[in-house]
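Below is work.pdb, holding PDB, C-alpha atoms, pLDDT in the B column.
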```
MODEL        1
ATOM      1  CA  MET A   1      89.057  68.960  84.836  1.00 72.00           C
ATOM      2  CA  PRO A   2      86.540  71.772  85.285  1.00 81.00           C
ATOM      3  CA  THR A   3      83.611  71.977  87.651  1.00 85.00           C
ATOM      4  CA  TYR A   4      80.267  72.628  85.956  1.00 89.00           C
ATOM      5  CA  GLU A   5      77.141  74.077  87.590  1.00 92.00           C
ATOM      6  CA  TYR A   6      73.691  72.732  86.733  1.00 94.00           C
ATOM      7  CA  ARG A   7      70.125  73.811  87.577  1.00 95.00           C
ATOM      8  CA  CYS A   8      66.916  71.839  87.110  1.00 95.00           C
ATOM      9  CA  CYS A   9      64.188  73.858  85.384  1.00 95.00           C
ATOM     10  CA  LYS A  10      61.439  71.851  87.130  1.00 94.00           C
ATOM     11  CA  CYS A  11      62.499  71.711  90.809  1.00 95.00           C
ATOM     12  CA  GLN A  12      65.192  74.502  90.771  1.00 94.00           C
ATOM     13  CA  HIS A  13      67.756  72.140  92.306  1.00 94.00           C
ATOM     14  CA  GLU A  14      71.311  73.481  91.778  1.00 93.00           C
ATOM     15  CA  PHE A  15      74.488  71.460  92.038  1.00 93.00           C
ATOM     16  CA  GLU A  16      78.073  71.239  90.791  1.00 90.00           C
ATOM     17  CA  VAL A  17      79.678  68.356  88.907  1.00 90.00           C
ATOM     18  CA  PHE A  18      83.386  67.745  88.380  1.00 88.00           C
ATOM     19  CA  GLN A  19      83.511  66.496  84.753  1.00 87.00           C
ATOM     20  CA  SER A  20      85.928  66.138  81.905  1.00 87.00           C
ATOM     21  CA  MET A  21      85.692  68.777  79.185  1.00 85.00           C
ATOM     22  CA  THR A  22      84.859  66.055  76.668  1.00 90.00           C
ATOM     23  CA  ALA A  23      82.013  64.634  78.782  1.00 90.00           C
ATOM     24  CA  GLY A  24      78.475  65.275  77.564  1.00 91.00           C
ATOM     25  CA  VAL A  25      76.049  67.689  79.208  1.00 92.00           C
ATOM     26  CA  LEU A  26      73.930  66.087  81.947  1.00 94.00           C
ATOM     27  CA  LYS A  27      70.176  66.043  81.304  1.00 94.00           C
ATOM     28  CA  LYS A  28      68.564  64.126  84.189  1.00 94.00           C
ATOM     29  CA  CYS A  29      68.093  65.870  87.542  1.00 94.00           C
ATOM     30  CA  PRO A  30      69.412  63.742  90.441  1.00 93.00           C
ATOM     31  CA  GLN A  31      66.707  65.100  92.791  1.00 93.00           C
ATOM     32  CA  CYS A  32      63.436  64.943  90.792  1.00 93.00           C
ATOM     33  CA  GLY A  33      64.521  62.598  87.969  1.00 92.00           C
ATOM     34  CA  GLN A  34      63.187  64.887  85.192  1.00 93.00           C
ATOM     35  CA  LEU A  35      65.136  65.534  81.973  1.00 94.00           C
ATOM     36  CA  SER A  36      65.256  69.278  82.512  1.00 93.00           C
ATOM     37  CA  LEU A  37      68.808  70.182  83.535  1.00 94.00           C
ATOM     38  CA  LYS A  38      70.568  73.243  82.147  1.00 94.00           C
ATOM     39  CA  ARG A  39      74.262  73.858  82.448  1.00 92.00           C
ATOM     40  CA  LEU A  40      74.906  77.317  83.884  1.00 90.00           C
ATOM     41  CA  ILE A  41      77.542  79.714  82.666  1.00 82.00           C
ATOM     42  CA  GLY A  42      79.875  80.308  85.581  1.00 74.00           C
ATOM     43  CA  PRO A  43      82.578  82.896  86.147  1.00 71.00           C
ATOM     44  CA  GLY A  44      85.287  80.312  85.553  1.00 67.00           C
ATOM     45  CA  ALA A  45      88.145  79.439  87.795  1.00 66.00           C
ATOM     46  CA  ALA A  46      90.723  82.014  88.744  1.00 67.00           C
ATOM     47  CA  VAL A  47      94.415  81.283  88.515  1.00 69.00           C
ATOM     48  CA  LEU A  48      95.816  80.729  91.989  1.00 67.00           C
ATOM     49  CA  PHE A  49      99.507  81.067  92.700  1.00 68.00           C
ATOM     50  CA  LYS A  50     100.372  79.259  95.908  1.00 69.00           C
ATOM     51  CA  GLY A  51     103.698  79.572  97.643  1.00 66.00           C
ATOM     52  CA  SER A  52     106.285  82.299  97.818  1.00 62.00           C
ATOM     53  CA  GLY A  53     108.684  83.723  95.308  1.00 60.00           C
ATOM     54  CA  PHE A  54     106.530  84.633  92.327  1.00 62.00           C
ATOM     55  CA  TYR A  55     107.415  88.310  92.677  1.00 64.00           C
ATOM     56  CA  THR A  56     110.017  90.053  94.798  1.00 58.00           C
ATOM     57  CA  THR A  57     107.255  91.886  96.658  1.00 62.00           C
ATOM     58  CA  ASP A  58     105.287  88.773  97.660  1.00 61.00           C
ATOM     59  CA  TYR A  59     104.966  88.431 101.406  1.00 62.00           C
ATOM     60  CA  ARG A  60     108.654  88.524 102.231  1.00 67.00           C
ATOM     61  CA  SER A  61     109.833  88.479 105.823  1.00 74.00           C
ATOM     62  CA  ALA A  62     111.468  91.547 107.352  1.00 79.00           C
ATOM     63  CA  SER A  63     114.829  89.772 107.632  1.00 82.00           C
ATOM     64  CA  TYR A  64     114.760  88.864 103.931  1.00 79.00           C
ATOM     65  CA  GLN A  65     113.934  92.450 102.951  1.00 78.00           C
ATOM     66  CA  LYS A  66     116.752  93.773 105.154  1.00 85.00           C
ATOM     67  CA  GLN A  67     119.269  91.360 103.602  1.00 86.00           C
ATOM     68  CA  ALA A  68     118.108  92.191 100.048  1.00 83.00           C
ATOM     69  CA  LYS A  69     118.470  95.918 100.724  1.00 87.00           C
ATOM     70  CA  ALA A  70     121.988  95.398 102.131  1.00 89.00           C
ATOM     71  CA  GLU A  71     123.002  93.442  99.011  1.00 89.00           C
ATOM     72  CA  THR A  72     121.530  96.118  96.724  1.00 87.00           C
ATOM     73  CA  ASP A  73     123.373  98.878  98.601  1.00 87.00           C
ATOM     74  CA  LYS A  74     126.634  96.903  98.460  1.00 86.00           C
ATOM     75  CA  GLN A  75     126.250  96.391  94.697  1.00 84.00           C
ATOM     76  CA  ALA A  76     125.521 100.107  94.178  1.00 82.00           C
ATOM     77  CA  THR A  77     128.666 101.034  96.121  1.00 83.00           C
ATOM     78  CA  LYS A  78     130.792  98.700  93.968  1.00 77.00           C
ATOM     79  CA  THR A  79     129.312 100.197  90.783  1.00 76.00           C
ATOM     80  CA  GLU A  80     130.012 103.771  91.904  1.00 76.00           C
ATOM     81  CA  LYS A  81     133.569 102.860  92.882  1.00 72.00           C
ATOM     82  CA  SER A  82     134.302 101.216  89.523  1.00 72.00           C
ATOM     83  CA  LYS A  83     132.863 104.226  87.652  1.00 69.00           C
ATOM     84  CA  THR A  84     135.138 106.546  89.640  1.00 67.00           C
ATOM     85  CA  GLU A  85     138.184 104.410  88.841  1.00 67.00           C
ATOM     86  CA  GLN A  86     137.307 104.325  85.135  1.00 65.00           C
ATOM     87  CA  THR A  87     136.836 108.105  85.006  1.00 61.00           C
ATOM     88  CA  GLY A  88     140.190 108.715  86.703  1.00 56.00           C
ATOM     89  CA  SER A  89     142.108 106.476  84.280  1.00 50.00           C
ATOM     90  CA  SER A  90     140.468 107.995  81.198  1.00 49.00           C
ATOM     91  CA  GLU A  91     141.469 111.520  82.327  1.00 51.00           C
ATOM     92  CA  LYS A  92     145.120 110.439  82.446  1.00 51.00           C
ATOM     93  CA  VAL A  93     144.903 109.113  78.886  1.00 51.00           C
ATOM     94  CA  VAL A  94     143.344 112.349  77.656  1.00 52.00           C
ATOM     95  CA  LYS A  95     146.082 114.435  79.323  1.00 53.00           C
ATOM     96  CA  LYS A  96     148.849 112.373  77.756  1.00 54.00           C
ATOM     97  CA  ALA A  97     147.283 112.666  74.320  1.00 55.00           C
ATOM     98  CA  ALA A  98     146.942 116.458  74.663  1.00 55.00           C
ATOM     99  CA  GLU A  99     150.679 117.055  75.388  1.00 58.00           C
ATOM    100  CA  PRO A 100     152.616 118.269  72.336  1.00 61.00           C
ATOM    101  CA  LYS A 101     155.328 116.010  70.977  1.00 64.00           C
ATOM    102  CA  LYS A 102     158.943 117.197  71.208  1.00 66.00           C
ATOM    103  CA  LYS A 103     161.022 117.360  68.073  1.00 66.00           C
ATOM    104  CA  THR A 104     164.350 115.556  68.159  1.00 67.00           C
ATOM    105  CA  ASP A 105     166.286 117.222  65.299  1.00 57.00           C
TER
ENDMDL
END
```
The structure in this file should be written as structure tokens.
Amino acid sequence: MPTYEYRCCKCQHEFEVFQSMTAGVLKKCPQCGQLSLKRLIGPGAAVLFKGSGFYTTDYRSASYQKQAKAETDKQATKTEKSKTEQTGSSEKVVKKAAEPKKKTD
């Protein structure tokens, strides 16, 4: 439920009311009793994300960052090693295919 701001045109009293969106606009000022309230247009509520873990860069501790970096480095090393192994095996296949076949007549 949103919070609405009101101002009385007669006594300039300003206040906030927590109302349902379907509730009607208030008209009577609680201070002077006149029917001269206007609902003000406010900036609206901002979205607030509370807690940790919304993004990888959000307020992480130094130990967490150190562990994450170690895991990233370990993964990169595994990837480089597997690429090297794949390149070496494909060279052997290419060399075998390039050798001429011997005739057996």
Pick the closest to A:Thr3 from A:Lys66, A:Cys29, A:Arg39, A:Thr77: which is it, counting only C-alpha atoms?
A:Arg39
List the neighbours of A:Cys32 out to 12 Å using all atoms listed in the file; skip same-chain residues closer than 2 positions along the sequence, and give me the result as an MDAnalysis selection string.
chainID A and resid 7:14 27:30 34:37
So which residues touch A:Thr22 within 12 Å, counting only C-alpha atoms, skipping near sequence neighbours fewer than 3 positions away, as a compact mmCIF listing (two decimals) with C-alpha atoms, keeping the file's coordinate frame?
```
# COMPACT_ATOMS: atom_id res chain seq x y z
CA MET A 1 89.06 68.96 84.84
CA PRO A 2 86.54 71.77 85.28
CA PHE A 18 83.39 67.74 88.38
CA GLN A 19 83.51 66.50 84.75
CA VAL A 25 76.05 67.69 79.21
```
Specify as a ChimeraX atom specification each residue included when the PyMOL selection byres ((chain A and resi 42) around 8) is applied to this file.
/A:4-5,40-41,43-44
